[in-house]
Amino acid sequence: MSKNLQILTNGILKENPVLRLVLGTCPTLAVTTMASNGIGMGLAATFVLLCSNVVISALRNIIPNQVRIPAYITVIAGFVSVVQMLVKAFVPSLDSALGVYLPLIVVNCVILGRAEMFASKNGVLASALDGIGMGIGFTLTLTVMGSIREILGSGTWMSGLDGLFPFLPEGFKIQVIPTSIDPFSIMTGAPGGFFVYGTLMAVAIYLTTPKAKKSSAEEGGNA
């Protein structure tokens, strides 16, 4: 049980796909102008991660090694197509917000990387847990990045969330910074994305670095 729990939780921080493995950087920077976009992309990627990991793990002894990458991409593309059709049908606003980055989940390094590094070498249960854990880590990272950039860059939080959850009132958003104050609009652009990404990566590295290494690094710096 402890091993399964470790697999499930690894992707949240210790092996976070964005902040520690540095995978999926392009969609991370592109869609995190709003927190709701991060949630939507994260949920879509988590679904594809879980399903593709399970299928690839189940077929790992059948797929010839010479064609494993094309086979993995075919499996992933099938589930991405399902997600894209569901999003277009039920959450069209999210489909418009994510644009080309939704179908590009097919070649997202997070999903293909986990298929190659984990699902192809482990059982179905472990692969399912890995997919869920990595998906949670991916979703949390995108949501936190989107929240920081939206609050500082637009003054609001969770705008557009009504597109994901129809029970919310139309035009739902939380006004964090008063409208009388001009927002830091650069945060919704590329420079702001890189700044927030680098800051979160530094925090993740600090939190996952053993204390012994921190102490030796500090002593070296003082010397």
# chains A, B, ... in the order shown; residues from 1 in each chain; ligands from 1

call {"tool": "residues_around", "arguments": {"residues": "range 160-170 of chain A", "least_positions_apart": "2", "cutoff": "9 Å", "atoms": "only C-alpha atoms", "output": "MDAnalysis selection string"}}
result
chainID A and resid 34:37 39:40 90:94 158 172:173

call {"tool": "residues_around", "arguments": {"residues": "Ile56 in chain A", "least_positions_apart": "2", "cutoff": "10 Å", "atoms": "only C-alpha atoms", "output": "list in words"}}
result
Cys51, Ser52, Asn53, Val54, Ala58, Leu59, Arg60, Asn61, Ile62, Ile63, Arg68, Ala71, Tyr72, Val75, Ile76, Ala115, Glu116, Phe118, Ala119, Ser120, Lys121, Asn122, Gly123, Val124 and Ser127 of chain A

call {"tool": "write_last_selection", "arguments": {"atoms": "N, CA and C atoms", "output": "short mmCIF file (atom, residue, chain, number, x, y, z; two decimals), in the first residue's frame"}}
result
data_model
loop_
_atom_site.label_atom_id
_atom_site.label_comp_id
_atom_site.auth_asym_id
_atom_site.auth_seq_id
_atom_site.Cartn_x
_atom_site.Cartn_y
_atom_site.Cartn_z
N CYS A 51 -6.25 7.09 -18.86
CA CYS A 51 -6.71 6.08 -19.84
C CYS A 51 -5.57 5.52 -20.66
N SER A 52 -4.68 6.39 -21.14
CA SER A 52 -3.58 5.90 -21.98
C SER A 52 -2.59 5.06 -21.17
N ASN A 53 -2.33 5.45 -19.92
CA ASN A 53 -1.45 4.65 -19.09
C ASN A 53 -1.99 3.25 -18.87
N VAL A 54 -3.29 3.16 -18.60
CA VAL A 54 -3.92 1.85 -18.36
C VAL A 54 -3.84 0.98 -19.60
N ALA A 58 -1.53 -2.38 -20.14
CA ALA A 58 -2.18 -3.66 -20.43
C ALA A 58 -1.63 -4.31 -21.70
N LEU A 59 -1.17 -3.47 -22.63
CA LEU A 59 -0.68 -3.98 -23.91
C LEU A 59 0.85 -4.00 -23.99
N ARG A 60 1.52 -3.75 -22.88
CA ARG A 60 2.98 -3.57 -22.93
C ARG A 60 3.73 -4.81 -23.41
N ASN A 61 3.17 -5.99 -23.18
CA ASN A 61 3.83 -7.22 -23.62
C ASN A 61 3.42 -7.64 -25.03
N ILE A 62 2.49 -6.88 -25.62
CA ILE A 62 2.00 -7.22 -26.96
C ILE A 62 2.59 -6.28 -28.00
N ILE A 63 2.76 -5.01 -27.62
CA ILE A 63 3.28 -4.01 -28.58
C ILE A 63 4.75 -4.30 -28.87
N ARG A 68 6.85 0.87 -30.70
CA ARG A 68 6.17 1.26 -29.46
C ARG A 68 5.74 2.73 -29.46
N ALA A 71 2.73 3.32 -31.61
CA ALA A 71 1.59 2.68 -30.94
C ALA A 71 1.10 3.52 -29.78
N TYR A 72 2.04 4.06 -28.99
CA TYR A 72 1.65 4.91 -27.86
C TYR A 72 0.91 6.15 -28.35
N VAL A 75 -2.67 5.32 -29.36
CA VAL A 75 -3.54 5.16 -28.18
C VAL A 75 -3.89 6.52 -27.58
N ILE A 76 -2.87 7.36 -27.41
CA ILE A 76 -3.09 8.69 -26.82
C ILE A 76 -4.01 9.52 -27.70
N ALA A 115 4.05 7.34 -20.59
CA ALA A 115 3.82 6.08 -21.30
C ALA A 115 5.14 5.34 -21.50
N GLU A 116 6.18 6.07 -21.89
CA GLU A 116 7.48 5.47 -22.17
C GLU A 116 8.23 5.11 -20.89
N PHE A 118 7.00 4.90 -17.61
CA PHE A 118 6.35 4.17 -16.51
C PHE A 118 5.36 3.11 -16.99
N ALA A 119 4.37 3.50 -17.77
CA ALA A 119 3.30 2.55 -18.13
C ALA A 119 3.83 1.34 -18.89
N SER A 120 4.85 1.53 -19.72
CA SER A 120 5.38 0.43 -20.51
C SER A 120 6.22 -0.55 -19.69
N LYS A 121 6.46 -0.20 -18.42
CA LYS A 121 7.33 -1.05 -17.58
C LYS A 121 6.65 -1.53 -16.31
N ASN A 122 5.39 -1.10 -16.08
CA ASN A 122 4.72 -1.43 -14.82
C ASN A 122 3.30 -1.95 -15.07
N GLY A 123 2.71 -2.52 -14.01
CA GLY A 123 1.38 -3.09 -14.10
C GLY A 123 0.29 -2.05 -14.27
N VAL A 124 -0.94 -2.53 -14.49
CA VAL A 124 -2.06 -1.65 -14.78
C VAL A 124 -2.39 -0.76 -13.59
N SER A 127 0.26 1.88 -13.04
CA SER A 127 0.21 2.85 -14.13
C SER A 127 -0.99 3.79 -14.00
#

call {"tool": "select_by_dssp", "arguments": {"residues": "range 89-191 of chain A", "states": "helix (DSSP H, G or I)", "output": "VMD selection string"}}
result
chain A and resid 89 to 90 92 to 101 103 to 107 109 to 119 124 to 154 161 to 164 185 to 188 190 to 191

call {"tool": "residues_around", "arguments": {"residues": "range 144-146 of chain A", "least_positions_apart": "2", "cutoff": "9 Å", "atoms": "only C-alpha atoms", "output": "number ranges by chain"}}
result
A: 28-29, 31-39, 139-142, 148-151, 157-158, 188, 193, 196-197, 200

call {"tool": "residues_around", "arguments": {"residues": "Ala77 in chain A", "least_positions_apart": "6", "cutoff": "10 Å", "atoms": "only C-alpha atoms", "output": "JSON, numbers by chain"}}
result
{"A": [48, 52, 71, 83, 103, 104, 105, 106, 107]}

call {"tool": "write_last_selection", "arguments": {"atoms": "N, CA and C atoms", "output": "PDB file, in the first residue's frame"}}
result
ATOM      1  N   VAL A  48      -6.694  11.818 -20.167  1.00  0.00           N
ATOM      2  CA  VAL A  48      -5.895  11.146 -21.194  1.00  0.00           C
ATOM      3  C   VAL A  48      -4.746  10.364 -20.556  1.00  0.00           C
ATOM      4  N   SER A  52      -4.679   6.387 -21.137  1.00  0.00           N
ATOM      5  CA  SER A  52      -3.578   5.904 -21.976  1.00  0.00           C
ATOM      6  C   SER A  52      -2.595   5.065 -21.169  1.00  0.00           C
ATOM      7  N   ALA A  71       2.729   3.322 -31.608  1.00  0.00           N
ATOM      8  CA  ALA A  71       1.591   2.675 -30.945  1.00  0.00           C
ATOM      9  C   ALA A  71       1.101   3.519 -29.775  1.00  0.00           C
ATOM     10  N   VAL A  83     -11.792  13.271 -25.728  1.00  0.00           N
ATOM     11  CA  VAL A  83     -11.838  14.477 -24.892  1.00  0.00           C
ATOM     12  C   VAL A  83     -12.242  15.685 -25.717  1.00  0.00           C
ATOM     13  N   PRO A 103      -6.105  19.704 -28.872  1.00  0.00           N
ATOM     14  CA  PRO A 103      -5.693  18.547 -29.691  1.00  0.00           C
ATOM     15  C   PRO A 103      -4.209  18.243 -29.582  1.00  0.00           C
ATOM     16  N   LEU A 104      -3.396  19.243 -29.231  1.00  0.00           N
ATOM     17  CA  LEU A 104      -1.954  19.012 -29.111  1.00  0.00           C
ATOM     18  C   LEU A 104      -1.586  18.220 -27.863  1.00  0.00           C
ATOM     19  N   ILE A 105      -2.590  17.856 -27.050  1.00  0.00           N
ATOM     20  CA  ILE A 105      -2.323  16.942 -25.935  1.00  0.00           C
ATOM     21  C   ILE A 105      -1.734  15.637 -26.468  1.00  0.00           C
ATOM     22  N   VAL A 106      -2.044  15.326 -27.718  1.00  0.00           N
ATOM     23  CA  VAL A 106      -1.525  14.095 -28.342  1.00  0.00           C
ATOM     24  C   VAL A 106      -0.005  14.024 -28.218  1.00  0.00           C
ATOM     25  N   VAL A 107       0.666  15.145 -28.434  1.00  0.00           N
ATOM     26  CA  VAL A 107       2.130  15.144 -28.391  1.00  0.00           C
ATOM     27  C   VAL A 107       2.653  15.824 -27.124  1.00  0.00           C
TER      28      VAL A 107
END

call {"tool": "atom_distance", "arguments": {"atom1": "CA of Val55 in chain A", "atom2": "CA of Val22 in chain A"}}
result
24.6 Å

call {"tool": "select_by_dssp", "arguments": {"residues": "range 121-187 of chain A", "states": "strand (DSSP E or B)", "output": "PyMOL selection string"}}
result
chain A and resi 156-157+174-175

call {"tool": "decode", "arguments": {"residues": "range 54-78 of chain A", "atoms": "N, CA and C atoms", "output": "compact mmCIF listing (two decimals), in the first residue's frame"}}
result
# COMPACT_ATOMS: atom_id res chain seq x y z
N VAL A 54 -3.29 3.16 -18.60
CA VAL A 54 -3.92 1.85 -18.36
C VAL A 54 -3.84 0.98 -19.60
N VAL A 55 -4.20 1.53 -20.75
CA VAL A 55 -4.20 0.75 -22.00
C VAL A 55 -2.79 0.34 -22.39
N ILE A 56 -1.85 1.27 -22.32
CA ILE A 56 -0.46 0.97 -22.71
C ILE A 56 0.15 -0.07 -21.77
N SER A 57 -0.16 0.04 -20.48
CA SER A 57 0.34 -0.95 -19.53
C SER A 57 -0.24 -2.33 -19.82
N ALA A 58 -1.53 -2.38 -20.14
CA ALA A 58 -2.18 -3.66 -20.43
C ALA A 58 -1.63 -4.31 -21.70
N LEU A 59 -1.17 -3.47 -22.63
CA LEU A 59 -0.68 -3.98 -23.91
C LEU A 59 0.85 -4.00 -23.99
N ARG A 60 1.52 -3.75 -22.88
CA ARG A 60 2.98 -3.57 -22.93
C ARG A 60 3.73 -4.81 -23.41
N ASN A 61 3.17 -5.99 -23.18
CA ASN A 61 3.83 -7.22 -23.62
C ASN A 61 3.42 -7.64 -25.03
N ILE A 62 2.49 -6.88 -25.62
CA ILE A 62 2.00 -7.22 -26.96
C ILE A 62 2.59 -6.28 -28.00
N ILE A 63 2.76 -5.01 -27.62
CA ILE A 63 3.28 -4.01 -28.58
C ILE A 63 4.75 -4.30 -28.87
N PRO A 64 5.12 -4.50 -30.13
CA PRO A 64 6.54 -4.73 -30.48
C PRO A 64 7.39 -3.51 -30.12
N ASN A 65 8.57 -3.76 -29.65
CA ASN A 65 9.45 -2.69 -29.21
C ASN A 65 9.79 -1.72 -30.34
N GLN A 66 9.87 -2.23 -31.56
CA GLN A 66 10.26 -1.40 -32.70
C GLN A 66 9.22 -0.34 -33.04
N VAL A 67 7.96 -0.58 -32.71
CA VAL A 67 6.89 0.37 -33.07
C VAL A 67 6.17 0.90 -31.83
N ARG A 68 6.85 0.87 -30.70
CA ARG A 68 6.17 1.26 -29.46
C ARG A 68 5.74 2.73 -29.46
N ILE A 69 6.59 3.63 -29.95
CA ILE A 69 6.26 5.06 -29.93
C ILE A 69 5.04 5.36 -30.82
N PRO A 70 5.01 4.89 -32.09
CA PRO A 70 3.80 5.09 -32.90
C PRO A 70 2.56 4.48 -32.25
N ALA A 71 2.73 3.32 -31.61
CA ALA A 71 1.59 2.68 -30.94
C ALA A 71 1.10 3.52 -29.78
N TYR A 72 2.04 4.06 -28.99
CA TYR A 72 1.65 4.91 -27.86
C TYR A 72 0.91 6.15 -28.35
N ILE A 73 1.42 6.77 -29.40
CA ILE A 73 0.78 7.98 -29.93
C ILE A 73 -0.61 7.68 -30.45
N THR A 74 -0.78 6.51 -31.07
CA THR A 74 -2.11 6.12 -31.56
C THR A 74 -3.10 5.97 -30.42
N VAL A 75 -2.67 5.32 -29.36
CA VAL A 75 -3.54 5.16 -28.18
C VAL A 75 -3.89 6.52 -27.58
N ILE A 76 -2.87 7.36 -27.41
CA ILE A 76 -3.09 8.69 -26.82
C ILE A 76 -4.01 9.52 -27.70
N ALA A 77 -3.79 9.46 -29.02
CA ALA A 77 -4.62 10.24 -29.95
C ALA A 77 -6.09 9.83 -29.89
N GLY A 78 -6.33 8.54 -29.67
CA GLY A 78 -7.72 8.08 -29.54
C GLY A 78 -8.43 8.72 -28.36
